[in-house]
Amino acid sequence: MLHAYILIFVGALLKLDSMVFSLLHWIPSALAAICAILLVFSKEKTLHRNLSYIMAFFGLIGLVDYLSQGIFTLFTFDLHTIHSWIGFIALSLSLFNLVIRTLLKDKLLKYHCITGYAAAVFSLFALLLGLTLLLGAGTPTSYSQTDQLPASNILPEVEAKEFQGVLLTKLSEQRNNAITGTQYIDRDLYRLQVTGMVDNKLKVTYSELLSLPPYSQVVYMPCVEGWGFYAKWTGFRLKDLLNLAGLASNASYVVFHSADGYSTGLPLDYLVNKNILLAYGINDVTLPADRGFPLQVVAIDKYGYKWAKWVTGIEVVDEVVAGFWESRGYSNSADVGGFPYGG
């Protein structure tokens with residue numbers, strides 16, 4: 001009966017779309033960690049054995065889903081990476097312990113308890129760090145940010161290392177998440193469409209976008225996973241583009257559509273009052289394809305899933321619209337330091 005319930009639970013989880021904080025990763029992984037901790041206190045043999053199998057079952061599901069995300073960040077120093085290593089060690093110790101007890105039996109049985117205690121300790125730390133990440137505590141809420149300055153739309157095409165006293169993160173060290181991988185867009189064929197509650201629908205070429213007043217600004221891009229990077233962004237203010245289209249009086253929200261089918265949205269007041277940029281340059285070079293060419297939203301003080309890349313469409317509406325991750329449970333406000341889910 002227990003195994004039937006487990007299969008039903010996993011089957012329901014498998015229907016969920018993949019996430020950066022995938023439910024198919026953190027729920028099974030959390031259950032595996034709890035089982036590993038409970039094993040220390042369970043002395044009855046049958047219960048102990050069943051908990052071991054359940055722990056291995058959920059632990060392997062969490063690991064497979066993590067690996068399926070294709071985001072291997074084991075060699076950078078941040079809270080997410082530390083969590084990944086501790087979780088991997090906890091699972092490895094737990095599985096090793098299960099092998100000792102099931103296959104090797106008496107040969108290495110003297111190590112069984114020691115390994116079990118170590119697995120429980122690592123599981124506890126992994127669980128606590130995972131909760132910290134889910135609560136948004138892994139993302140810095142205080143960081144340097146420069147004022148916007150008038151710039152040139154002709155980029156030097158030599159990567160900048162510093163701007164206004166802020167050290168910039170090298171392009172090669174900037175991490176990147178995408179739902180279907182890098183998009184490659186032809187500059188000559190590209191058209192940015194502005195639709196919805198506007199007086200004039202626009203279909204703007206790349207060269208026409210470059211003619212809008214350019215600005216540069218250093219802004220920190222924070223991911224909900226606990227990592228981020230500083231970059232100098234160069235582009236035009238969204239409000240300058242929207243002024244060309246003309247806004248309906250009841251317009252209140254803007255949805256960004258990307259070439260890969262991604263979407264996300266932000267309040268119109270936020271975009272206007274913050275002078276939010278649509279960037280075509282990063283660290284003084286044209287946005288590389290993997291960084292979002294031709295345009296990326298520079299969503300100041302918002303988590304990275306609001307920083308839409310490969311933007312091909314802008315839709316002005318009069319209500320909040322749930323984007324790709326938002327419709328899968330992520331917070332629509334996406335305020336840095338806030339809880340990433342719901343709201």
# chains A, B, ... in the order shown; residues from 1 in each chain; ligands from 1
>>> residues_around(residues="region 294-298 of chain A", least_positions_apart="4", cutoff="6 Å", atoms="only C-alpha atoms", output="PyMOL selection string")
chain A and resi 277-280+307-311
>>> residues_around(residues="Pro222 (chain A)", least_positions_apart="4", cutoff="9 Å", atoms="only C-alpha atoms", output="PDB file with C-alpha atoms, in the first residue's frame")
ATOM      1  CA  THR A 139      19.978  36.381  -3.019  1.00  0.00           C
ATOM      2  CA  PRO A 140      21.711  39.592  -1.919  1.00  0.00           C
ATOM      3  CA  GLY A 226      21.163  32.420  -5.131  1.00  0.00           C
ATOM      4  CA  TRP A 227      23.661  33.520  -7.783  1.00  0.00           C
ATOM      5  CA  GLY A 228      23.931  36.671  -9.861  1.00  0.00           C
ATOM      6  CA  PHE A 229      26.313  39.002 -11.642  1.00  0.00           C
ATOM      7  CA  TYR A 230      27.152  42.654 -12.228  1.00  0.00           C
ATOM      8  CA  ASP A 301      15.433  44.817  -8.186  1.00  0.00           C
ATOM      9  CA  LYS A 302      13.576  41.846  -9.703  1.00  0.00           C
ATOM     10  CA  TYR A 303      14.571  38.195  -9.839  1.00  0.00           C
ATOM     11  CA  GLY A 304      16.168  36.958 -13.050  1.00  0.00           C
ATOM     12  CA  VAL A 336      14.573  40.515  -4.772  1.00  0.00           C
TER      13      VAL A 336
END
>>> closest_residue(among="A:Ala322, A:Ala334, A:Leu210, A:Gln148", to="Ile276 (chain A)", atoms="only C-alpha atoms")
A:Gln148
>>> select_by_dssp(residues="region 172-325 of chain A", states="strand (DSSP E or B)", output="VMD selection string")
chain A and resid 191 to 196 198 202 to 205 214 to 222 228 to 237 247 253 to 258 263 to 267 277 to 282 285 to 286 296 to 298 302 311 to 317
>>> write_last_selection(atoms="C-alpha atoms", output="mmCIF file, in the first residue's frame")
data_model
loop_
_atom_site.group_PDB
_atom_site.id
_atom_site.type_symbol
_atom_site.label_atom_id
_atom_site.label_comp_id
_atom_site.auth_asym_id
_atom_site.auth_seq_id
_atom_site.Cartn_x
_atom_site.Cartn_y
_atom_site.Cartn_z
ATOM 1 C CA ARG A 191 11.236 43.074 -35.945
ATOM 2 C CA LEU A 192 10.120 44.081 -32.456
ATOM 3 C CA GLN A 193 6.324 44.180 -32.335
ATOM 4 C CA VAL A 194 4.505 46.482 -29.925
ATOM 5 C CA THR A 195 0.823 45.560 -29.600
ATOM 6 C CA GLY A 196 -2.115 45.698 -27.231
ATOM 7 C CA VAL A 198 -1.547 51.327 -27.861
ATOM 8 C CA LEU A 202 4.679 49.111 -34.051
ATOM 9 C CA LYS A 203 6.955 46.753 -35.927
ATOM 10 C CA VAL A 204 10.431 48.139 -35.321
ATOM 11 C CA THR A 205 13.681 47.082 -36.970
ATOM 12 C CA PRO A 214 20.792 55.207 -25.502
ATOM 13 C CA TYR A 215 21.731 54.900 -21.838
ATOM 14 C CA SER A 216 24.161 52.794 -19.823
ATOM 15 C CA GLN A 217 23.831 51.560 -16.255
ATOM 16 C CA VAL A 218 25.414 48.940 -13.995
ATOM 17 C CA VAL A 219 22.715 46.672 -12.578
ATOM 18 C CA TYR A 220 23.039 43.423 -10.640
ATOM 19 C CA MET A 221 21.120 40.492 -12.173
ATOM 20 C CA PRO A 222 19.966 38.259 -9.269
ATOM 21 C CA GLY A 228 23.931 36.671 -9.861
ATOM 22 C CA PHE A 229 26.313 39.002 -11.642
ATOM 23 C CA TYR A 230 27.152 42.654 -12.228
ATOM 24 C CA ALA A 231 26.982 43.964 -15.782
ATOM 25 C CA LYS A 232 27.004 47.262 -17.609
ATOM 26 C CA TRP A 233 23.831 47.349 -19.659
ATOM 27 C CA THR A 234 23.399 49.651 -22.659
ATOM 28 C CA GLY A 235 20.078 50.172 -24.386
ATOM 29 C CA PHE A 236 17.009 52.367 -24.629
ATOM 30 C CA ARG A 237 14.337 53.169 -22.086
ATOM 31 C CA LEU A 247 -0.678 54.312 -24.542
ATOM 32 C CA TYR A 253 0.806 46.190 -17.414
ATOM 33 C CA VAL A 254 3.385 45.164 -20.016
ATOM 34 C CA VAL A 255 4.020 41.596 -21.169
ATOM 35 C CA PHE A 256 7.310 40.661 -22.841
ATOM 36 C CA HIS A 257 7.327 37.832 -25.358
ATOM 37 C CA SER A 258 10.522 36.041 -26.364
ATOM 38 C CA SER A 263 6.926 35.397 -21.456
ATOM 39 C CA THR A 264 6.881 37.536 -18.348
ATOM 40 C CA GLY A 265 5.332 40.831 -17.350
ATOM 41 C CA LEU A 266 5.862 43.924 -15.227
ATOM 42 C CA PRO A 267 3.665 46.821 -14.085
ATOM 43 C CA LEU A 277 16.119 49.597 -20.130
ATOM 44 C CA LEU A 278 15.783 47.164 -22.973
ATOM 45 C CA ALA A 279 19.452 46.361 -23.438
ATOM 46 C CA TYR A 280 21.200 45.549 -26.699
ATOM 47 C CA GLY A 281 24.661 45.802 -25.143
ATOM 48 C CA ILE A 282 26.386 44.251 -22.159
ATOM 49 C CA VAL A 285 29.732 44.564 -26.450
ATOM 50 C CA THR A 286 26.622 43.686 -28.429
ATOM 51 C CA GLN A 296 17.078 41.737 -22.793
ATOM 52 C CA VAL A 297 14.916 43.398 -20.155
ATOM 53 C CA VAL A 298 16.974 44.982 -17.352
ATOM 54 C CA LYS A 302 13.576 41.846 -9.703
ATOM 55 C CA VAL A 311 12.507 39.835 -26.741
ATOM 56 C CA THR A 312 10.440 39.858 -29.928
ATOM 57 C CA GLY A 313 7.137 41.267 -28.693
ATOM 58 C CA ILE A 314 5.818 43.795 -26.202
ATOM 59 C CA GLU A 315 2.131 43.658 -25.326
ATOM 60 C CA VAL A 316 0.426 46.423 -23.335
ATOM 61 C CA VAL A 317 -2.610 45.299 -21.321
#
>>> closest_residue(among="A:Thr115, A:Gln164, A:Gln174, A:Ser68", to="Pro288 (chain A)", atoms="only C-alpha atoms")
A:Gln174
>>> residues_around(residues="Cys35 (chain A)", least_positions_apart="6", cutoff="9 Å", atoms="only C-alpha atoms", output="JSON, numbers by chain")
{"A": [51, 52, 54, 55, 120]}
>>> write_last_selection(atoms="C-alpha atoms", output="CSV table (one decimal), in the first residue's frame")
chain,number,residue,atom,x,y,z
A,51,LEU,CA,12.8,4.2,5.4
A,52,SER,CA,16.1,3.4,3.7
A,54,ILE,CA,12.0,5.4,0.6
A,55,MET,CA,15.0,7.7,1.1
A,120,ALA,CA,21.8,12.6,8.6
